[in-house]
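Contents: one structure, followed by commentary.
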Amino acid sequence: MYNLDLLYTNTVGSAFTIKNQFDEEVQSKIQFLIGDIAVLMDVPEIKSFLSVIRLAQKGCQCKDCNQKSAYKTIKCNTPQAEINFKVSPKILVGFEELVMGVLFHLEYNDVLSFNEIN
């Protein structure tokens, strides 16, 4: 049996650690719940998604659009699926906050575990 423990949440979505009730090994996947979509990612995939988000925030530099587009499409690749999100600049900031919050809490939990602090 698997349990989901809330790791981080904001207005865009939530992230959960996945724990096996019978196996106390460190979780290898994080479940992101964004709207009606649940995506499983490991840490390298989360970091890759963060770089996609940050590239999308820089915007297009071509002379034709001149960053006038209010919505962008960003791609989230996992081994199981490829998901495209259509996002506004506000939602893009929320995605970055969600991913940065997850990475912060994962590193924080690692430091606590390493120092045997409950």
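Chain labels run A, B, ... following the order of the structure tokens; each chain numbers its residues from 1, and ligands are numbered from 1 in the order shown.
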
List every residue of stretch 22-57 of chain A that has an atom at most 8 Å from any atom of stretch 68-82 of chain A, giving for each one its closest atom pair and the distance in Å to one decimal, counting only C-alpha atoms, sorted by chain and then by ascending residue number, as CSV.
residue,atom,partner,partner_atom,distance
A:Leu40,CA,A:Thr78,CA,7.8
A:Met41,CA,A:Thr78,CA,6.9
A:Glu45,CA,A:Thr78,CA,7.0
A:Phe49,CA,A:Cys76,CA,6.2
A:Val52,CA,A:Ile74,CA,7.0
A:Ile53,CA,A:Ile74,CA,7.1
A:Ala56,CA,A:Ile74,CA,7.1

Could those selected residues go to a file with N, CA and C atoms, as a short mmCIF file (atom, residue, chain, number, x, y, z; two decimals), in the first residue's frame?
data_model
loop_
_atom_site.label_atom_id
_atom_site.label_comp_id
_atom_site.auth_asym_id
_atom_site.auth_seq_id
_atom_site.Cartn_x
_atom_site.Cartn_y
_atom_site.Cartn_z
N LEU A 40 4.03 11.93 -12.21
CA LEU A 40 5.09 11.38 -11.36
C LEU A 40 6.44 11.79 -11.92
N MET A 41 7.29 12.34 -11.06
CA MET A 41 8.63 12.76 -11.49
C MET A 41 9.66 12.41 -10.44
N GLU A 45 14.08 14.84 -13.30
CA GLU A 45 12.97 15.30 -14.15
C GLU A 45 12.40 16.62 -13.62
N PHE A 49 12.28 20.12 -15.62
CA PHE A 49 11.04 20.88 -15.76
C PHE A 49 11.25 22.33 -15.30
N VAL A 52 12.84 24.24 -18.08
CA VAL A 52 11.84 24.54 -19.11
C VAL A 52 11.01 25.75 -18.69
N ILE A 53 10.59 25.78 -17.44
CA ILE A 53 9.80 26.90 -16.91
C ILE A 53 10.60 28.20 -17.01
N ALA A 56 10.89 29.46 -20.55
CA ALA A 56 9.62 30.03 -21.01
C ALA A 56 9.42 31.43 -20.43
#

I want to know what sits within 9 Å of stretch 31-37 of chain A, based on only C-alpha atoms, with residues of the same chain fewer than 5 positions away left out; could you give that as an MDAnalysis selection string? chainID A and resid 4 12:18 42

Pick out the closest residue to A:Leu50 from this set: A:Leu106, A:Asn118, A:Leu6, A:Gly94. Count only C-alpha atoms.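 For A:Leu50, the nearest of the candidates is A:Gly94.
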
Find the residues near stretch 107-110 of chain A: any atom within 12 Å, counting only C-alpha atoms, skip ones fewer than 6 places away on the same chain, and give them as an mmCIF file with N, CA and C atoms, in the first residue's frame.
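File part_27.cif, as written:
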data_model
loop_
_atom_site.group_PDB
_atom_site.id
_atom_site.type_symbol
_atom_site.label_atom_id
_atom_site.label_comp_id
_atom_site.auth_asym_id
_atom_site.auth_seq_id
_atom_site.Cartn_x
_atom_site.Cartn_y
_atom_site.Cartn_z
ATOM 1 N N LEU A 7 3.878 17.469 0.323
ATOM 2 C CA LEU A 7 5.214 18.039 0.410
ATOM 3 C C LEU A 7 5.158 19.559 0.277
ATOM 4 N N THR A 17 4.948 13.320 -1.667
ATOM 5 C CA THR A 17 5.913 12.228 -1.678
ATOM 6 C C THR A 17 5.119 10.928 -1.654
ATOM 7 N N VAL A 26 13.756 5.291 0.846
ATOM 8 C CA VAL A 26 13.503 6.677 0.462
ATOM 9 C C VAL A 26 12.700 6.690 -0.837
ATOM 10 N N GLN A 27 11.705 7.562 -0.904
ATOM 11 C CA GLN A 27 10.868 7.638 -2.086
ATOM 12 C C GLN A 27 11.698 8.077 -3.284
ATOM 13 N N VAL A 43 13.757 13.470 -9.146
ATOM 14 C CA VAL A 43 14.448 14.752 -8.963
ATOM 15 C C VAL A 43 15.077 15.273 -10.267
ATOM 16 N N MET A 100 10.227 25.014 -7.170
ATOM 17 C CA MET A 100 11.265 25.454 -6.232
ATOM 18 C C MET A 100 10.921 25.044 -4.799
ATOM 19 N N GLY A 101 9.645 25.114 -4.417
ATOM 20 C CA GLY A 101 9.219 24.681 -3.091
ATOM 21 C C GLY A 101 9.464 23.206 -2.878
ATOM 22 N N GLU A 116 19.979 12.829 11.321
ATOM 23 C CA GLU A 116 19.119 12.011 12.186
ATOM 24 C C GLU A 116 18.243 12.874 13.086
ATOM 25 N N ILE A 117 17.638 13.890 12.486
ATOM 26 C CA ILE A 117 16.711 14.765 13.199
ATOM 27 C C ILE A 117 15.294 14.425 12.758
ATOM 28 N N ASN A 118 14.434 14.185 13.722
ATOM 29 C CA ASN A 118 13.047 13.849 13.374
ATOM 30 C C ASN A 118 12.206 15.090 13.285
#

Residues within 7 Å of A:Asn3, please, as a PyMOL selection string. Count only C-alpha atoms; anything in the same chain fewer than 5 positions from it doesn't count. chain A and resi 18-21

Would you work out the distance separating atom CA of A:Leu92 from atom CA of A:Ser28, expressed in Å to one decimal?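 Calculated distance between atom CA of A:Leu92 and atom CA of A:Ser28 is 25.4 Å.
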
From a DSSP calculation on the backbone, collect every residue of chain A in helix (DSSP H, G or I) and output the set as a short mmCIF file (atom, residue, chain, number, x, y, z; two decimals) with all heavy atoms, in the first residue's frame.
data_model
loop_
_atom_site.label_atom_id
_atom_site.label_comp_id
_atom_site.auth_asym_id
_atom_site.auth_seq_id
_atom_site.Cartn_x
_atom_site.Cartn_y
_atom_site.Cartn_z
N VAL A 43 13.76 13.47 -9.15
CA VAL A 43 14.45 14.75 -8.96
C VAL A 43 15.08 15.27 -10.27
O VAL A 43 14.92 16.46 -10.58
CB VAL A 43 15.48 14.67 -7.81
CG1 VAL A 43 16.30 15.93 -7.73
CG2 VAL A 43 14.76 14.42 -6.49
N PRO A 44 15.77 14.44 -11.06
CA PRO A 44 16.31 14.98 -12.32
C PRO A 44 15.22 15.50 -13.25
O PRO A 44 15.41 16.52 -13.92
CB PRO A 44 17.06 13.80 -12.93
CG PRO A 44 17.40 12.93 -11.79
CD PRO A 44 16.26 13.08 -10.82
N GLU A 45 14.08 14.84 -13.30
CA GLU A 45 12.97 15.30 -14.15
C GLU A 45 12.40 16.62 -13.62
O GLU A 45 12.04 17.50 -14.40
CB GLU A 45 11.87 14.24 -14.21
CG GLU A 45 12.26 12.99 -14.96
CD GLU A 45 11.29 11.85 -14.78
OE1 GLU A 45 10.50 11.85 -13.80
OE2 GLU A 45 11.34 10.93 -15.61
N ILE A 46 12.34 16.76 -12.30
CA ILE A 46 11.85 18.01 -11.70
C ILE A 46 12.79 19.16 -12.04
O ILE A 46 12.35 20.25 -12.42
CB ILE A 46 11.70 17.85 -10.17
CG1 ILE A 46 10.60 16.84 -9.85
CG2 ILE A 46 11.39 19.19 -9.51
CD1 ILE A 46 10.53 16.43 -8.39
N LYS A 47 14.09 18.92 -11.96
CA LYS A 47 15.07 19.97 -12.29
C LYS A 47 15.00 20.33 -13.77
O LYS A 47 15.14 21.50 -14.14
CB LYS A 47 16.47 19.52 -11.89
CG LYS A 47 16.67 19.50 -10.39
CD LYS A 47 18.06 19.07 -10.00
CE LYS A 47 18.21 19.07 -8.49
NZ LYS A 47 19.54 18.62 -8.05
N SER A 48 14.78 19.34 -14.62
CA SER A 48 14.62 19.60 -16.05
C SER A 48 13.37 20.43 -16.32
O SER A 48 13.39 21.35 -17.14
CB SER A 48 14.54 18.27 -16.80
OG SER A 48 14.26 18.49 -18.16
N PHE A 49 12.28 20.12 -15.62
CA PHE A 49 11.04 20.88 -15.76
C PHE A 49 11.25 22.33 -15.30
O PHE A 49 10.74 23.26 -15.93
CB PHE A 49 9.92 20.20 -14.96
CG PHE A 49 8.56 20.79 -15.16
CD1 PHE A 49 8.08 21.09 -16.42
CD2 PHE A 49 7.74 21.05 -14.07
CE1 PHE A 49 6.81 21.62 -16.61
CE2 PHE A 49 6.48 21.59 -14.25
CZ PHE A 49 6.01 21.88 -15.51
N LEU A 50 12.04 22.53 -14.25
CA LEU A 50 12.34 23.87 -13.78
C LEU A 50 13.09 24.67 -14.85
O LEU A 50 12.80 25.85 -15.08
CB LEU A 50 13.17 23.82 -12.49
CG LEU A 50 13.58 25.17 -11.89
CD1 LEU A 50 12.35 26.01 -11.54
CD2 LEU A 50 14.45 24.96 -10.67
N SER A 51 14.03 24.04 -15.55
CA SER A 51 14.74 24.77 -16.60
C SER A 51 13.81 25.10 -17.77
O SER A 51 13.94 26.18 -18.37
CB SER A 51 15.98 24.01 -17.07
OG SER A 51 15.68 22.71 -17.42
N VAL A 52 12.84 24.24 -18.08
CA VAL A 52 11.84 24.54 -19.11
C VAL A 52 11.01 25.75 -18.69
O VAL A 52 10.75 26.65 -19.49
CB VAL A 52 10.93 23.31 -19.38
CG1 VAL A 52 9.73 23.69 -20.23
CG2 VAL A 52 11.72 22.19 -20.03
N ILE A 53 10.59 25.78 -17.44
CA ILE A 53 9.80 26.90 -16.91
C ILE A 53 10.60 28.20 -17.01
O ILE A 53 10.09 29.23 -17.46
CB ILE A 53 9.39 26.63 -15.45
CG1 ILE A 53 8.39 25.48 -15.38
CG2 ILE A 53 8.81 27.88 -14.81
CD1 ILE A 53 8.15 24.93 -13.99
N ARG A 54 11.85 28.15 -16.63
CA ARG A 54 12.68 29.38 -16.64
C ARG A 54 12.96 29.86 -18.06
O ARG A 54 13.02 31.06 -18.30
CB ARG A 54 13.96 29.14 -15.85
CG ARG A 54 13.67 29.06 -14.36
CD ARG A 54 14.90 28.99 -13.54
NE ARG A 54 14.54 29.17 -12.13
CZ ARG A 54 15.32 28.79 -11.14
NH1 ARG A 54 16.49 28.23 -11.38
NH2 ARG A 54 14.94 28.98 -9.89
N LEU A 55 13.13 28.93 -18.98
CA LEU A 55 13.31 29.33 -20.38
C LEU A 55 12.04 29.99 -20.92
O LEU A 55 12.12 30.97 -21.67
CB LEU A 55 13.69 28.13 -21.24
CG LEU A 55 15.13 27.67 -21.17
CD1 LEU A 55 15.33 26.37 -21.94
CD2 LEU A 55 16.05 28.74 -21.71
N ALA A 56 10.89 29.46 -20.55
CA ALA A 56 9.62 30.03 -21.01
C ALA A 56 9.42 31.43 -20.43
O ALA A 56 8.81 32.29 -21.08
CB ALA A 56 8.46 29.12 -20.62
N GLN A 57 9.92 31.69 -19.24
CA GLN A 57 9.79 33.01 -18.63
C GLN A 57 10.63 34.06 -19.35
O GLN A 57 10.28 35.24 -19.34
CB GLN A 57 10.18 32.96 -17.15
CG GLN A 57 9.16 32.29 -16.28
CD GLN A 57 9.60 32.18 -14.84
OE1 GLN A 57 10.79 32.03 -14.55
NE2 GLN A 57 8.65 32.24 -13.94
N LYS A 58 11.72 33.64 -19.98
CA LYS A 58 12.55 34.59 -20.72
C LYS A 58 11.82 35.12 -21.94
O LYS A 58 12.04 36.24 -22.36
CB LYS A 58 13.86 33.93 -21.14
CG LYS A 58 14.81 33.69 -19.99
CD LYS A 58 16.11 33.11 -20.48
CE LYS A 58 17.04 32.88 -19.31
NZ LYS A 58 18.30 32.29 -19.73
N PRO A 89 1.56 34.10 -17.94
CA PRO A 89 2.74 34.46 -17.13
C PRO A 89 2.52 34.25 -15.63
O PRO A 89 3.44 33.84 -14.93
CB PRO A 89 2.94 35.95 -17.46
CG PRO A 89 2.38 36.10 -18.83
CD PRO A 89 1.19 35.16 -18.88
N LYS A 90 1.31 34.51 -15.14
CA LYS A 90 1.02 34.32 -13.72
C LYS A 90 1.11 32.84 -13.33
O LYS A 90 1.68 32.49 -12.28
CB LYS A 90 -0.37 34.87 -13.40
CG LYS A 90 -0.76 34.79 -11.95
CD LYS A 90 -2.13 35.39 -11.72
CE LYS A 90 -2.53 35.27 -10.26
NZ LYS A 90 -3.85 35.82 -10.00
N ILE A 91 0.57 31.97 -14.16
CA ILE A 91 0.63 30.53 -13.87
C ILE A 91 2.06 30.03 -13.99
O ILE A 91 2.49 29.17 -13.22
CB ILE A 91 -0.32 29.75 -14.80
CG1 ILE A 91 -1.77 30.11 -14.46
CG2 ILE A 91 -0.11 28.25 -14.68
CD1 ILE A 91 -2.80 29.53 -15.40
N LEU A 92 2.82 30.58 -14.92
CA LEU A 92 4.22 30.20 -15.07
C LEU A 92 5.02 30.51 -13.81
O LEU A 92 5.83 29.70 -13.36
CB LEU A 92 4.82 30.94 -16.28
CG LEU A 92 6.04 30.35 -16.93
CD1 LEU A 92 5.83 28.90 -17.33
CD2 LEU A 92 6.41 31.17 -18.15
N VAL A 93 4.75 31.65 -13.20
CA VAL A 93 5.39 32.01 -11.93
C VAL A 93 4.96 31.01 -10.84
O VAL A 93 5.76 30.58 -10.02
CB VAL A 93 5.05 33.46 -11.52
CG1 VAL A 93 5.46 33.75 -10.09
CG2 VAL A 93 5.71 34.44 -12.48
N GLY A 94 3.69 30.62 -10.85
CA GLY A 94 3.19 29.63 -9.89
C GLY A 94 3.86 28.28 -10.07
O GLY A 94 4.17 27.60 -9.09
N PHE A 95 4.08 27.86 -11.33
CA PHE A 95 4.80 26.61 -11.60
C PHE A 95 6.21 26.67 -11.02
O PHE A 95 6.68 25.73 -10.40
CB PHE A 95 4.90 26.34 -13.10
CG PHE A 95 3.76 25.56 -13.68
CD1 PHE A 95 3.40 25.74 -15.01
CD2 PHE A 95 3.06 24.63 -12.94
CE1 PHE A 95 2.37 25.02 -15.56
CE2 PHE A 95 2.02 23.91 -13.48
CZ PHE A 95 1.67 24.10 -14.81
N GLU A 96 6.89 27.81 -11.25
CA GLU A 96 8.25 27.94 -10.74
C GLU A 96 8.25 27.86 -9.21
O GLU A 96 9.09 27.18 -8.62
CB GLU A 96 8.88 29.25 -11.20
CG GLU A 96 10.32 29.38 -10.73
CD GLU A 96 10.97 30.67 -11.15
OE1 GLU A 96 10.27 31.69 -11.31
OE2 GLU A 96 12.21 30.67 -11.30
N GLU A 97 7.31 28.55 -8.57
CA GLU A 97 7.23 28.51 -7.11
C GLU A 97 6.97 27.09 -6.61
O GLU A 97 7.59 26.63 -5.64
CB GLU A 97 6.12 29.43 -6.61
CG GLU A 97 5.97 29.41 -5.11
CD GLU A 97 4.68 30.06 -4.62
OE1 GLU A 97 4.11 30.88 -5.35
OE2 GLU A 97 4.26 29.71 -3.51
N LEU A 98 6.08 26.36 -7.28
CA LEU A 98 5.76 24.99 -6.89
C LEU A 98 7.00 24.10 -6.99
O LEU A 98 7.34 23.38 -6.05
CB LEU A 98 4.63 24.44 -7.76
CG LEU A 98 4.17 23.02 -7.50
CD1 LEU A 98 3.57 22.87 -6.10
CD2 LEU A 98 3.16 22.57 -8.56
N VAL A 99 7.69 24.17 -8.11
CA VAL A 99 8.87 23.32 -8.31
C VAL A 99 9.99 23.71 -7.35
O VAL A 99 10.63 22.83 -6.76
CB VAL A 99 9.33 23.39 -9.78
CG1 VAL A 99 10.66 22.68 -9.97
CG2 VAL A 99 8.27 22.79 -10.69
N MET A 100 10.23 25.01 -7.17
CA MET A 100 11.27 25.45 -6.23
C MET A 100 10.92 25.04 -4.80
O MET A 100 11.80 24.65 -4.03
CB MET A 100 11.45 26.97 -6.30
CG MET A 100 12.09 27.45 -7.60
SD MET A 100 13.77 26.87 -7.81
CE MET A 100 14.56 27.69 -6.45
N GLY A 101 9.65 25.11 -4.42
CA GLY A 101 9.22 24.68 -3.09
C GLY A 101 9.46 23.21 -2.88
O GLY A 101 9.92 22.78 -1.80
N VAL A 102 9.18 22.40 -3.90
CA VAL A 102 9.41 20.96 -3.80
C VAL A 102 10.90 20.66 -3.65
O VAL A 102 11.30 19.89 -2.77
CB VAL A 102 8.83 20.24 -5.05
CG1 VAL A 102 9.33 18.81 -5.13
CG2 VAL A 102 7.32 20.27 -5.01
N LEU A 103 11.73 21.28 -4.48
CA LEU A 103 13.17 21.04 -4.39
C LEU A 103 13.73 21.48 -3.04
O LEU A 103 14.57 20.79 -2.45
CB LEU A 103 13.90 21.75 -5.54
CG LEU A 103 13.64 21.18 -6.93
CD1 LEU A 103 14.27 22.06 -7.99
CD2 LEU A 103 14.13 19.75 -7.03
N PHE A 104 13.24 22.61 -2.53
CA PHE A 104 13.68 23.07 -1.21
C PHE A 104 13.32 22.05 -0.13
O PHE A 104 14.17 21.67 0.68
CB PHE A 104 13.04 24.42 -0.87
CG PHE A 104 13.28 24.83 0.56
CD1 PHE A 104 14.49 25.38 0.96
CD2 PHE A 104 12.29 24.63 1.53
CE1 PHE A 104 14.71 25.74 2.28
CE2 PHE A 104 12.51 24.99 2.85
CZ PHE A 104 13.72 25.54 3.24
N HIS A 105 12.08 21.59 -0.12
CA HIS A 105 11.65 20.65 0.93
C HIS A 105 12.35 19.30 0.81
O HIS A 105 12.64 18.67 1.83
CB HIS A 105 10.13 20.49 0.92
CG HIS A 105 9.42 21.65 1.54
ND1 HIS A 105 9.37 21.84 2.90
CD2 HIS A 105 8.76 22.69 1.00
CE1 HIS A 105 8.70 22.94 3.17
NE2 HIS A 105 8.32 23.48 2.03
N LEU A 106 12.63 18.86 -0.41
CA LEU A 106 13.38 17.60 -0.58
C LEU A 106 14.79 17.73 0.01
O LEU A 106 15.25 16.84 0.73
CB LEU A 106 13.45 17.21 -2.05
CG LEU A 106 12.16 16.72 -2.68
CD1 LEU A 106 12.35 16.50 -4.18
CD2 LEU A 106 11.68 15.43 -2.01
N GLU A 107 15.47 18.84 -0.30
CA GLU A 107 16.82 19.05 0.24
C GLU A 107 16.79 19.23 1.76
O GLU A 107 17.65 18.71 2.47
CB GLU A 107 17.47 20.25 -0.42
CG GLU A 107 17.83 19.99 -1.87
CD GLU A 107 18.43 21.20 -2.56
OE1 GLU A 107 18.90 22.13 -1.86
OE2 GLU A 107 18.45 21.21 -3.79
N TYR A 108 15.79 19.94 2.25
CA TYR A 108 15.63 20.15 3.69
C TYR A 108 15.43 18.81 4.40
O TYR A 108 16.06 18.54 5.43
CB TYR A 108 14.44 21.08 3.92
CG TYR A 108 14.19 21.45 5.36
CD1 TYR A 108 15.01 22.34 6.03
CD2 TYR A 108 13.09 20.92 6.04
CE1 TYR A 108 14.77 22.69 7.34
CE2 TYR A 108 12.85 21.27 7.36
CZ TYR A 108 13.68 22.15 8.00
OH TYR A 108 13.43 22.49 9.30
N ASN A 109 14.56 17.97 3.84
CA ASN A 109 14.31 16.65 4.44
C ASN A 109 15.56 15.77 4.39
O ASN A 109 15.81 14.99 5.31
CB ASN A 109 13.13 15.96 3.75
CG ASN A 109 11.81 16.62 4.07
OD1 ASN A 109 11.69 17.34 5.07
ND2 ASN A 109 10.83 16.40 3.23
N ASP A 110 16.35 15.89 3.33
CA ASP A 110 17.60 15.14 3.24
C ASP A 110 18.58 15.56 4.33
O ASP A 110 19.25 14.72 4.94
CB ASP A 110 18.25 15.33 1.86
CG ASP A 110 17.55 14.55 0.77
OD1 ASP A 110 16.73 13.65 1.09
OD2 ASP A 110 17.81 14.84 -0.41
N VAL A 111 18.68 16.86 4.57
CA VAL A 111 19.57 17.36 5.63
C VAL A 111 19.10 16.85 6.99
O VAL A 111 19.92 16.40 7.82
CB VAL A 111 19.62 18.91 5.62
CG1 VAL A 111 20.30 19.45 6.87
CG2 VAL A 111 20.34 19.41 4.38
N LEU A 112 17.79 16.88 7.24
CA LEU A 112 17.27 16.38 8.52
C LEU A 112 17.55 14.88 8.68
O LEU A 112 17.98 14.44 9.75
CB LEU A 112 15.77 16.65 8.63
CG LEU A 112 15.34 18.11 8.75
CD1 LEU A 112 13.82 18.21 8.78
CD2 LEU A 112 15.94 18.74 9.99
N SER A 113 17.34 14.12 7.61
CA SER A 113 17.59 12.67 7.67
C SER A 113 19.06 12.37 7.88
O SER A 113 19.41 11.49 8.68
CB SER A 113 17.11 11.99 6.39
OG SER A 113 15.71 12.08 6.29
N PHE A 114 19.92 13.10 7.17
CA PHE A 114 21.36 12.89 7.28
C PHE A 114 21.84 13.14 8.71
O PHE A 114 22.71 12.43 9.22
CB PHE A 114 22.11 13.78 6.30
CG PHE A 114 23.60 13.62 6.36
CD1 PHE A 114 24.21 12.52 5.78
CD2 PHE A 114 24.39 14.57 7.00
CE1 PHE A 114 25.58 12.37 5.84
CE2 PHE A 114 25.76 14.42 7.07
CZ PHE A 114 26.36 13.31 6.48
#

Going by DSSP on the backbone, which bits of chain A are strand (DSSP E or B)? Write them as a PyMOL selection string, please. chain A and resi 2-9+13-20+23+30-34+37-41+72-77+82-87

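Rounded to one decimal, atom CA of A:Val39 and atom CA of A:Cys60 lie 26.9 Å from each other.
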